[in-house]
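Listing of input_16.tsv; format and content: TSV, C-alpha atoms and all ligand atoms.
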chain	number	residue	atom	x	y	z
P	1	MET	CA	0.00	0.00	0.00
P	2	ARG	CA	0.96	3.65	-0.28
P	3	ALA	CA	1.77	5.35	3.03
P	4	MET	CA	3.40	8.42	4.45
P	5	ASP	CA	6.99	7.72	5.50
P	6	TYR	CA	8.97	9.88	7.96
P	7	ARG	CA	12.58	10.27	6.84
P	8	GLY	CA	13.85	12.75	9.46
P	9	PRO	CA	13.08	16.35	10.43
P	10	TYR	CA	11.37	18.27	7.60
P	11	ARG	CA	11.47	15.19	5.36
P	12	VAL	CA	8.40	13.12	4.63
P	13	ARG	CA	7.40	11.23	1.52
P	14	VAL	CA	5.00	8.57	0.28
P	15	ASP	CA	6.39	5.05	-0.07
P	16	GLU	CA	5.16	1.58	-0.84
P	17	LYS	CA	4.78	-0.26	2.49
P	18	PRO	CA	3.45	-3.69	3.49
P	19	MET	CA	-0.28	-3.91	4.09
P	20	PRO	CA	-1.12	-3.84	7.81
P	21	GLU	CA	-2.29	-7.18	9.18
P	22	ILE	CA	-4.50	-8.31	12.03
P	23	GLN	CA	-2.04	-8.87	14.91
P	24	HIS	CA	-4.56	-9.49	17.68
P	25	PRO	CA	-8.07	-10.94	17.57
P	26	ARG	CA	-9.47	-7.55	18.70
P	27	ASP	CA	-7.86	-5.67	15.76
P	28	ALA	CA	-9.50	-4.34	12.63
P	29	ILE	CA	-8.03	-3.09	9.37
P	30	VAL	CA	-9.53	0.16	8.11
P	31	ARG	CA	-9.31	1.38	4.51
P	32	VAL	CA	-8.65	5.07	5.01
P	33	THR	CA	-10.81	7.57	3.14
P	34	ARG	CA	-9.77	10.81	4.84
P	35	SER	CA	-6.80	11.65	7.04
P	36	CYS	CA	-5.81	15.03	8.44
P	37	ILE	CA	-2.43	16.53	9.13
P	38	CYS	CA	-2.46	17.90	12.67
P	39	GLY	CA	-0.48	20.63	14.40
P	40	SER	CA	0.95	17.92	16.61
P	41	ASP	CA	2.18	16.11	13.49
P	42	LEU	CA	4.20	19.27	12.88
P	43	HIS	CA	5.93	18.79	16.26
P	44	LEU	CA	7.03	15.38	14.91
P	45	TYR	CA	7.91	16.83	11.51
P	46	HIS	CA	10.05	19.50	13.18
P	47	GLY	CA	11.96	16.88	15.15
P	48	MET	CA	10.63	18.15	18.49
P	49	VAL	CA	9.29	14.86	19.86
P	50	PRO	CA	11.71	12.32	21.36
P	51	ASP	CA	11.89	8.83	19.82
P	52	THR	CA	10.24	9.70	16.53
P	53	ARG	CA	11.63	6.95	14.33
P	54	ILE	CA	12.56	6.91	10.68
P	55	GLY	CA	10.02	4.90	8.74
P	56	GLN	CA	7.07	5.81	10.98
P	57	THR	CA	3.75	6.54	9.30
P	58	PHE	CA	2.06	9.51	10.99
P	59	GLY	CA	-1.64	10.26	11.15
P	60	HIS	CA	-3.91	10.13	14.21
P	61	GLU	CA	-6.96	11.80	12.64
P	62	PHE	CA	-8.60	9.49	10.14
P	63	CYS	CA	-11.81	7.87	9.06
P	64	GLY	CA	-12.52	5.07	6.65
P	65	ILE	CA	-14.26	1.80	5.89
P	66	VAL	CA	-13.72	-1.40	7.85
P	67	GLU	CA	-11.92	-3.82	5.56
P	68	GLU	CA	-11.27	-6.77	7.89
P	69	VAL	CA	-11.94	-7.65	11.54
P	70	GLY	CA	-10.20	-10.00	13.98
P	71	SER	CA	-11.89	-13.10	15.37
P	72	GLU	CA	-12.91	-11.46	18.66
P	73	VAL	CA	-14.44	-8.33	17.14
P	74	GLU	CA	-18.19	-8.54	17.65
P	75	LYS	CA	-19.75	-5.13	17.03
P	76	LEU	CA	-17.78	-3.67	14.15
P	77	LYS	CA	-18.65	-5.09	10.72
P	78	VAL	CA	-16.76	-5.16	7.44
P	79	GLY	CA	-18.07	-2.25	5.39
P	80	ASP	CA	-18.86	0.01	8.36
P	81	HIS	CA	-17.91	3.66	7.82
P	82	VAL	CA	-16.04	4.67	10.95
P	83	LEU	CA	-14.20	7.57	12.48
P	84	VAL	CA	-11.27	6.49	14.61
P	85	PRO	CA	-10.41	8.45	17.80
P	86	PHE	CA	-6.75	9.42	18.01
P	87	ASN	CA	-6.42	7.75	21.40
P	88	ILE	CA	-5.91	4.01	21.35
P	89	ALA	CA	-7.90	2.81	24.35
P	90	CYS	CA	-8.75	-0.68	25.56
P	91	GLY	CA	-12.03	0.40	27.15
P	92	GLN	CA	-11.54	-1.95	30.12
P	93	CYS	CA	-8.55	-0.88	32.25
P	94	HIS	CA	-8.57	1.13	35.49
P	95	PHE	CA	-8.31	4.46	33.61
P	96	CYS	CA	-10.63	3.63	30.71
P	97	LYS	CA	-13.29	2.70	33.26
P	98	GLN	CA	-13.13	6.30	34.50
P	99	GLY	CA	-13.55	7.64	30.97
P	100	LEU	CA	-9.88	8.66	30.81
P	101	TYR	CA	-9.45	7.19	27.34
P	102	GLY	CA	-6.37	9.29	26.63
P	103	ASN	CA	-4.68	7.62	29.58
P	104	CYS	CA	-5.35	3.95	28.83
P	105	HIS	CA	-3.02	1.74	30.84
P	106	GLU	CA	-2.91	-1.08	28.29
P	107	SER	CA	-2.35	0.52	24.90
P	108	ASN	CA	1.10	2.03	25.38
P	109	PRO	CA	3.72	-0.45	26.52
P	110	ALA	CA	6.40	2.24	26.16
P	111	ALA	CA	5.21	4.57	28.94
P	112	THR	CA	2.70	4.96	31.73
P	113	ALA	CA	1.87	8.66	31.29
P	114	VAL	CA	0.00	8.76	28.02
P	115	GLY	CA	-1.92	5.96	26.34
P	116	GLY	CA	-1.28	4.79	22.80
P	117	ILE	CA	-1.76	7.28	19.95
P	118	PHE	CA	-1.94	6.42	16.26
P	119	GLY	CA	0.95	7.61	14.12
P	120	TYR	CA	2.93	9.27	16.86
P	121	SER	CA	6.42	8.79	18.28
P	122	HIS	CA	7.34	5.60	20.12
P	123	THR	CA	6.72	7.47	23.39
P	124	ALA	CA	3.04	6.95	22.48
P	125	GLY	CA	3.40	3.30	21.57
P	126	GLY	CA	4.84	3.59	18.06
P	127	TYR	CA	1.64	2.63	16.24
P	128	ASP	CA	1.56	3.40	12.53
P	129	GLY	CA	-1.06	5.99	11.67
P	130	GLY	CA	-3.67	6.74	9.10
P	131	GLN	CA	-1.80	8.87	6.57
P	132	ALA	CA	-1.89	5.74	4.45
P	133	GLU	CA	-4.27	3.68	2.38
P	134	TYR	CA	-4.88	1.27	5.27
P	135	ALA	CA	-4.37	1.27	9.03
P	136	ARG	CA	-4.46	-1.36	11.76
P	137	VAL	CA	-6.85	-0.36	14.54
P	138	PRO	CA	-6.48	-2.15	17.90
P	139	TYR	CA	-9.44	-2.64	20.30
P	140	ALA	CA	-11.72	-2.34	17.30
P	141	ASP	CA	-14.93	-2.82	19.26
P	142	PHE	CA	-14.11	0.11	21.49
P	143	GLY	CA	-12.57	3.08	19.64
P	144	PRO	CA	-13.91	3.21	16.08
P	145	THR	CA	-17.31	4.85	15.93
P	146	VAL	CA	-19.80	4.33	13.11
P	147	ILE	CA	-20.37	7.60	11.26
P	148	PRO	CA	-24.08	8.53	11.19
P	149	ASP	CA	-25.62	8.42	7.69
P	150	TRP	CA	-26.33	12.14	7.67
P	151	MET	CA	-22.78	13.18	8.59
P	152	ASP	CA	-20.36	14.54	6.00
P	153	PRO	CA	-17.05	12.62	6.18
P	154	ASP	CA	-15.28	15.99	6.27
P	155	ASP	CA	-17.02	16.66	9.58
P	156	ALA	CA	-16.46	13.10	10.79
P	157	VAL	CA	-12.70	13.17	10.35
P	158	LEU	CA	-12.45	16.29	12.49
P	159	LEU	CA	-14.24	14.51	15.34
P	160	THR	CA	-11.20	12.25	15.78
P	161	ASP	CA	-9.13	14.97	17.51
P	162	VAL	CA	-9.54	18.66	16.70
P	163	VAL	CA	-13.15	19.08	17.80
P	164	PRO	CA	-12.99	16.93	20.95
P	165	THR	CA	-9.64	18.43	21.97
P	166	GLY	CA	-10.95	21.98	21.62
P	167	TYR	CA	-14.18	21.05	23.34
P	168	GLN	CA	-12.43	19.33	26.23
P	169	ALA	CA	-10.17	22.37	26.63
P	170	ALA	CA	-13.31	24.43	27.27
P	171	GLU	CA	-14.83	21.73	29.47
P	172	MET	CA	-11.68	21.52	31.63
P	173	GLY	CA	-11.83	25.29	32.04
P	174	GLY	CA	-14.91	24.83	34.22
P	175	ILE	CA	-16.49	27.83	32.49
P	176	GLN	CA	-19.27	29.53	34.47
P	177	LYS	CA	-22.04	31.59	32.90
P	178	GLY	CA	-20.68	34.95	31.77
P	179	ASP	CA	-17.01	34.07	32.20
P	180	THR	CA	-14.26	35.71	30.19
P	181	VAL	CA	-12.32	32.97	28.43
P	182	VAL	CA	-8.99	33.60	26.74
P	183	VAL	CA	-7.71	31.08	24.21
P	184	PHE	CA	-4.01	31.21	23.32
P	185	GLY	CA	-3.54	29.86	19.81
P	186	ALA	CA	-5.76	30.24	16.72
P	187	GLY	CA	-4.86	26.89	15.20
P	188	PRO	CA	-7.60	24.31	14.58
P	189	VAL	CA	-7.78	23.29	18.27
P	190	GLY	CA	-7.81	26.88	19.53
P	191	ILE	CA	-10.55	27.70	17.02
P	192	MET	CA	-12.67	24.81	18.31
P	193	ALA	CA	-11.92	25.72	21.94
P	194	ALA	CA	-13.15	29.27	21.30
P	195	ARG	CA	-16.32	27.98	19.62
P	196	SER	CA	-16.90	25.50	22.45
P	197	ALA	CA	-16.41	28.13	25.17
P	198	TRP	CA	-19.76	29.67	24.13
P	199	LEU	CA	-21.47	26.28	24.43
P	200	PHE	CA	-20.35	26.17	28.08
P	201	GLY	CA	-21.79	29.62	28.78
P	202	ALA	CA	-18.89	32.04	28.31
P	203	GLY	CA	-19.81	35.72	28.24
P	204	ARG	CA	-16.69	36.86	26.41
P	205	VAL	CA	-14.22	34.89	24.29
P	206	ILE	CA	-10.81	36.30	23.35
P	207	VAL	CA	-8.28	34.61	21.05
P	208	ILE	CA	-4.57	35.51	20.92
P	209	ASP	CA	-2.19	34.54	18.11
P	210	HIS	CA	0.21	36.26	15.74
P	211	ILE	CA	-1.10	34.92	12.44
P	212	ASP	CA	-3.58	37.40	11.07
P	213	TYR	CA	-5.45	35.15	8.64
P	214	ARG	CA	-6.20	32.69	11.42
P	215	LEU	CA	-7.31	35.47	13.75
P	216	GLU	CA	-9.62	36.72	11.01
P	217	PHE	CA	-11.06	33.24	10.63
P	218	VAL	CA	-11.73	32.68	14.32
P	219	ARG	CA	-13.18	36.18	14.70
P	220	GLU	CA	-16.03	35.03	12.43
P	221	PHE	CA	-16.17	31.34	13.23
P	222	ALA	CA	-16.18	31.31	17.04
P	223	PRO	CA	-17.01	34.27	17.09
P	224	ALA	CA	-14.32	35.89	19.20
P	225	GLU	CA	-12.49	39.09	19.98
P	226	VAL	CA	-9.04	38.61	18.50
P	227	TYR	CA	-5.66	40.19	19.17
P	228	ASN	CA	-2.28	39.79	17.51
P	229	PHE	CA	0.27	39.58	20.33
P	230	LYS	CA	2.88	41.25	18.12
P	231	GLU	CA	0.75	44.38	18.26
P	232	LEU	CA	0.48	44.32	22.04
P	233	ASP	CA	3.25	45.74	24.22
P	234	ASP	CA	2.68	43.12	26.87
P	235	VAL	CA	0.07	40.39	26.58
P	236	VAL	CA	-0.42	39.98	30.33
P	237	VAL	CA	-0.76	43.71	31.02
P	238	PHE	CA	-3.26	43.97	28.16
P	239	MET	CA	-5.32	41.09	29.57
P	240	LYS	CA	-5.41	42.69	33.00
P	241	LYS	CA	-6.48	46.03	31.54
P	242	THR	CA	-9.28	44.53	29.51
P	243	THR	CA	-10.66	42.63	32.52
P	244	ASP	CA	-10.86	45.52	35.02
P	245	GLY	CA	-7.49	44.56	36.48
P	246	LEU	CA	-8.70	41.15	37.59
P	247	GLY	CA	-7.51	38.80	34.87
P	248	ALA	CA	-9.52	36.34	32.79
P	249	ASP	CA	-11.69	33.73	34.49
P	250	VAL	CA	-10.33	30.92	32.33
P	251	CYS	CA	-7.23	30.71	30.14
P	252	ILE	CA	-6.73	27.93	27.60
P	253	ASP	CA	-3.31	27.01	26.20
P	254	ALA	CA	-3.95	25.61	22.73
P	255	VAL	CA	-0.40	26.17	21.54
P	256	GLY	CA	2.04	23.91	23.34
P	257	ALA	CA	5.74	23.46	22.86
P	258	GLU	CA	6.38	25.47	19.70
P	259	ALA	CA	5.01	28.82	20.81
P	260	SER	CA	6.42	32.00	19.30
P	261	GLY	CA	6.55	35.30	21.10
P	262	ASN	CA	9.52	35.16	23.46
P	263	ILE	CA	13.14	35.08	22.34
P	264	LEU	CA	14.54	33.45	25.48
P	265	GLN	CA	11.96	30.66	25.38
P	266	SER	CA	12.51	30.14	21.65
P	267	ILE	CA	16.30	29.87	21.93
P	268	ILE	CA	16.37	27.62	24.98
P	269	GLY	CA	13.34	25.54	24.15
P	270	LYS	CA	13.23	25.33	20.38
P	271	ARG	CA	16.72	25.96	19.05
P	272	MET	CA	18.94	24.55	21.83
P	273	LYS	CA	16.28	22.10	23.04
P	274	LEU	CA	17.42	22.49	26.66
P	275	GLU	CA	13.77	22.51	27.70
P	276	ALA	CA	10.81	20.69	26.21
P	277	GLY	CA	10.01	23.54	23.84
P	278	SER	CA	8.93	27.14	24.32
P	279	ALA	CA	6.32	27.54	27.04
P	280	ILE	CA	5.46	31.19	26.46
P	281	ALA	CA	1.76	30.59	25.76
P	282	LEU	CA	1.48	28.75	29.06
P	283	HIS	CA	3.37	31.61	30.73
P	284	TRP	CA	0.83	34.08	29.42
P	285	ALA	CA	-2.06	31.85	30.42
P	286	ILE	CA	-0.84	31.52	34.02
P	287	ASN	CA	-0.11	35.23	34.33
P	288	SER	CA	-3.30	36.42	32.58
P	289	VAL	CA	-5.81	34.37	34.53
P	290	LYS	CA	-7.40	35.82	37.67
P	291	LYS	CA	-6.46	34.67	41.16
P	292	GLY	CA	-8.23	31.39	41.84
P	293	GLY	CA	-8.80	30.94	38.10
P	294	ILE	CA	-8.39	27.88	35.92
P	295	VAL	CA	-5.75	27.27	33.28
P	296	SER	CA	-6.69	24.50	30.85
P	297	ILE	CA	-3.83	23.04	28.83
P	298	VAL	CA	-4.28	21.03	25.65
P	299	GLY	CA	-1.17	22.22	23.82
P	300	VAL	CA	1.37	19.44	23.42
P	301	TYR	CA	4.49	19.51	25.58
P	302	GLY	CA	7.31	17.02	26.05
P	303	PRO	CA	7.42	15.30	29.41
P	304	THR	CA	10.51	17.07	30.71
P	305	GLY	CA	11.05	20.52	32.21
P	306	ASN	CA	9.82	23.83	30.88
P	307	LEU	CA	10.36	27.42	31.89
P	308	VAL	CA	6.98	27.68	33.58
P	309	PRO	CA	6.15	30.21	36.34
P	310	ILE	CA	4.99	27.57	38.79
P	311	GLY	CA	5.46	29.99	41.71
P	312	ASN	CA	2.70	32.17	40.28
P	313	VAL	CA	0.45	29.12	40.09
P	314	VAL	CA	0.93	28.61	43.82
P	315	ASN	CA	0.66	32.23	44.84
P	316	LYS	CA	-2.46	32.88	42.76
P	317	GLY	CA	-4.14	29.68	43.89
P	318	LEU	CA	-4.69	28.49	40.34
P	319	THR	CA	-6.11	25.24	39.18
P	320	LEU	CA	-4.25	23.70	36.26
P	321	ARG	CA	-6.17	21.17	34.25
P	322	ALA	CA	-4.70	19.28	31.34
P	323	ASN	CA	-5.10	16.11	29.37
P	324	GLN	CA	-5.23	14.50	26.00
P	325	ALA	CA	-8.87	14.67	24.98
P	326	SER	CA	-10.95	11.65	25.88
P	327	VAL	CA	-12.44	11.44	22.41
P	328	LYS	CA	-14.72	8.44	22.85
P	329	ARG	CA	-16.32	9.93	25.97
P	330	LEU	CA	-17.16	13.18	24.15
P	331	LEU	CA	-18.35	11.77	20.82
P	332	PRO	CA	-22.09	11.31	21.61
P	333	LYS	CA	-22.35	14.95	22.71
P	334	LEU	CA	-20.25	16.26	19.82
P	335	ILE	CA	-22.20	14.30	17.20
P	336	GLU	CA	-25.32	15.99	18.60
P	337	HIS	CA	-23.68	19.44	18.42
P	338	VAL	CA	-22.72	18.82	14.77
P	339	LYS	CA	-26.23	17.57	13.95
P	340	GLU	CA	-27.79	20.68	15.46
P	341	GLY	CA	-25.33	22.96	13.69
P	342	ARG	CA	-23.80	24.29	16.91
P	343	ILE	CA	-20.35	23.20	15.72
P	344	GLU	CA	-19.49	23.16	12.01
P	345	PRO	CA	-16.14	21.37	11.92
P	346	LYS	CA	-15.52	21.19	8.17
P	347	LYS	CA	-15.46	24.98	7.85
P	348	ILE	CA	-11.85	24.89	9.08
P	349	ILE	CA	-10.69	22.68	6.19
P	350	THR	CA	-8.73	24.89	3.82
P	351	HIS	CA	-6.87	22.29	1.75
P	352	LYS	CA	-7.80	18.88	0.36
P	353	VAL	CA	-4.83	17.01	-1.03
P	354	PRO	CA	-4.10	13.56	-2.43
P	355	LEU	CA	-1.82	11.28	-0.39
P	356	ASP	CA	0.89	11.51	-3.05
P	357	ASP	CA	1.25	15.25	-2.37
P	358	ILE	CA	1.90	14.77	1.34
P	359	ALA	CA	5.35	16.36	1.35
P	360	ASP	CA	3.91	19.54	-0.15
P	361	ALA	CA	1.04	19.47	2.33
P	362	TYR	CA	3.37	19.21	5.34
P	363	HIS	CA	5.47	22.07	4.01
P	364	LEU	CA	2.45	24.26	3.29
P	365	PHE	CA	0.94	23.64	6.74
P	366	SER	CA	4.25	24.04	8.57
P	367	ALA	CA	5.17	27.27	6.79
P	368	LYS	CA	1.56	28.53	7.06
P	369	LEU	CA	1.40	29.24	3.34
P	370	ASP	CA	-1.73	29.93	1.32
P	371	ASN	CA	-3.75	30.79	4.47
P	372	CYS	CA	-3.68	27.16	5.53
P	373	ILE	CA	-5.71	26.26	8.61
P	374	LYS	CA	-6.41	22.55	8.21
P	375	PRO	CA	-5.16	20.25	5.44
P	376	VAL	CA	-6.99	16.97	4.84
P	377	LEU	CA	-5.70	14.10	2.74
P	378	VAL	CA	-8.44	12.62	0.60
P	379	LEU	CA	-7.47	9.09	-0.37
P	380	ALA	CA	-7.89	8.01	-3.98
P	381	ASN	CA	-10.32	5.25	-3.04
P	382	ALA	CA	-12.51	7.52	-0.90
F	1	ZN	ZN	-4.34	15.88	16.02
F	2	ZN	ZN	-7.59	1.12	28.81
As structure tokens, what does this structure read like?
Ligand SMILES: [Zn+2]
Ligand SMILES: [Zn+2]
Amino acid sequence: MRAMDYRGPYRVRVDEKPMPEIQHPRDAIVRVTRSCICGSDLHLYHGMVPDTRIGQTFGHEFCGIVEEVGSEVEKLKVGDHVLVPFNIACGQCHFCKQGLYGNCHESNPAATAVGGIFGYSHTAGGYDGGQAEYARVPYADFGPTVIPDWMDPDDAVLLTDVVPTGYQAAEMGGIQKGDTVVVFGAGPVGIMAARSAWLFGAGRVIVIDHIDYRLEFVREFAPAEVYNFKELDDVVVFMKKTTDGLGADVCIDAVGAEASGNILQSIIGKRMKLEAGSAIALHWAINSVKKGGIVSIVGVYGPTGNLVPIGNVVNKGLTLRANQASVKRLLPKLIEHVKEGRIEPKKIITHKVPLDDIADAYHLFSAKLDNCIKPVLVLANA
């Protein structure tokens, strides 16, 4: 089959690879029809994530048609159209039983912090992903979710990560009616977090980024007040001023380890890699939220140290909440939101590309060319 192939930082291509096979009776093989490139794939592409191995196929946001099922798969049928959550979760362990499907204890033999993730580094289990014609899906009766007849596959594929991650960011913020919510990052997840903040009762939603075309998009889509941090003298001072000196009720970090905006953080975290990336968005979130407020983190960070003002967290009495989205837990609610038109995921798709053009698509998305917000690979057999 044809599949994306990681060859080292800033180098990806499409190669002929062996067809995935059923390795466990609970596996299924899915013929991929759509597969997104995610901002967190860019962390891999940029060489930021430890133990990203040459030859890995990325892709944790995909949907497709069930091609084959293992002998113990009972619910999923060959021919089902499914969306596949990015978390690989067994559905039965101590953590899955609590709905913490991003923290499954069984699916990632390499580590105990995060569960397995499709198409990520070997720190997340080293599973091949869905930027390919076919993918092996473990625990097939648990994760894959049949796409309702009425749902556009372009919407369905965004329910595998971007929508649930943005939604959970808002949920973890514990938003109260009328709250001011600040979202750092106007990428796909930040856009969905801003949209979701309203669904939880926010009274004011502000989005901060430095990429004007994305700010313009989220201004309409969320809708939100938007500010380019390059045009602000000091983000934190601005946030205090615009909230009567109190700070925002909830701050969401939807940026993670590759944040721009601070030279020291960029040199130490991104160029010299002495820390697990640049944590400036998290800095701003901690310092912009009110005393006793909540900071919700869904941006991706490495497991090791960061230049984070933890003393301010203590002194302000903040609550930090963070996790990989528990996609399967959120899907019933999100499918309802899409059905009722309260979230319109596919509006963020700016580019549809064939698998063979994947190198161009990574470059375009990484360099933020052509007003790219979300690129989706549409497979030839879709
Ligand atoms: Zn993703
Ligand atoms: Zn589990």
### Query
Could you pull the residues within 10 Å of range 75-84 of chain P, counting all atoms listed in the file, minus those fewer than 2 positions along the same chain, as an MDAnalysis selection string?
chainID P and resid 28:34 60:70 72:73 86:88 118 130 137 140:149 153 155:161 327:328
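For the pair CA of Phe95 in chain P and CA of Pro138 in chain P, the interatomic distance is 17.1 Å.
Using only C-alpha atoms for every distance, the candidate list P:Val376, P:Ala111, P:Ala359, P:Ile208 yields P:Ala111 as the residue closest to Ala124 in chain P.
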#### Entry: Residues within 9 Å of ligand ZN 2 (chain F), counting all atoms listed in the file, as number ranges by chain
P: 88-97, 100-107, 115
### Message
Under the rule that all atoms listed in the file are counted, which of P:Val289, P:Leu331, P:Val182, P:Ala222 is the nearest residue to Arg195 in chain P?
### Response
P:Ala222
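Each of P:Val14, P:Gly125, P:Lys374, P:Arg136 was checked against ligand ZN 1 (chain F) using all atoms listed in the file; the smallest atom-to-atom distance is that of P:Lys374.
For the residues P:Ser35, P:Thr242, P:Asn306, P:Gln56, ranking by smallest atom-to-atom distance to ligand ZN 1 (chain F) using all atoms listed in the file places P:Ser35 first.
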### Query
So which residues fall inside 12 Å of (-12.4, 36.4, 19.9) if we count all atoms listed in the file? Mind giving them as a ChimeraX atom specification?
/P:180-186,190-195,197-198,202-209,214-228
### Separation of CA of Lys339 in chain P from CA of Gly129 in chain P in Å
27.8 Å
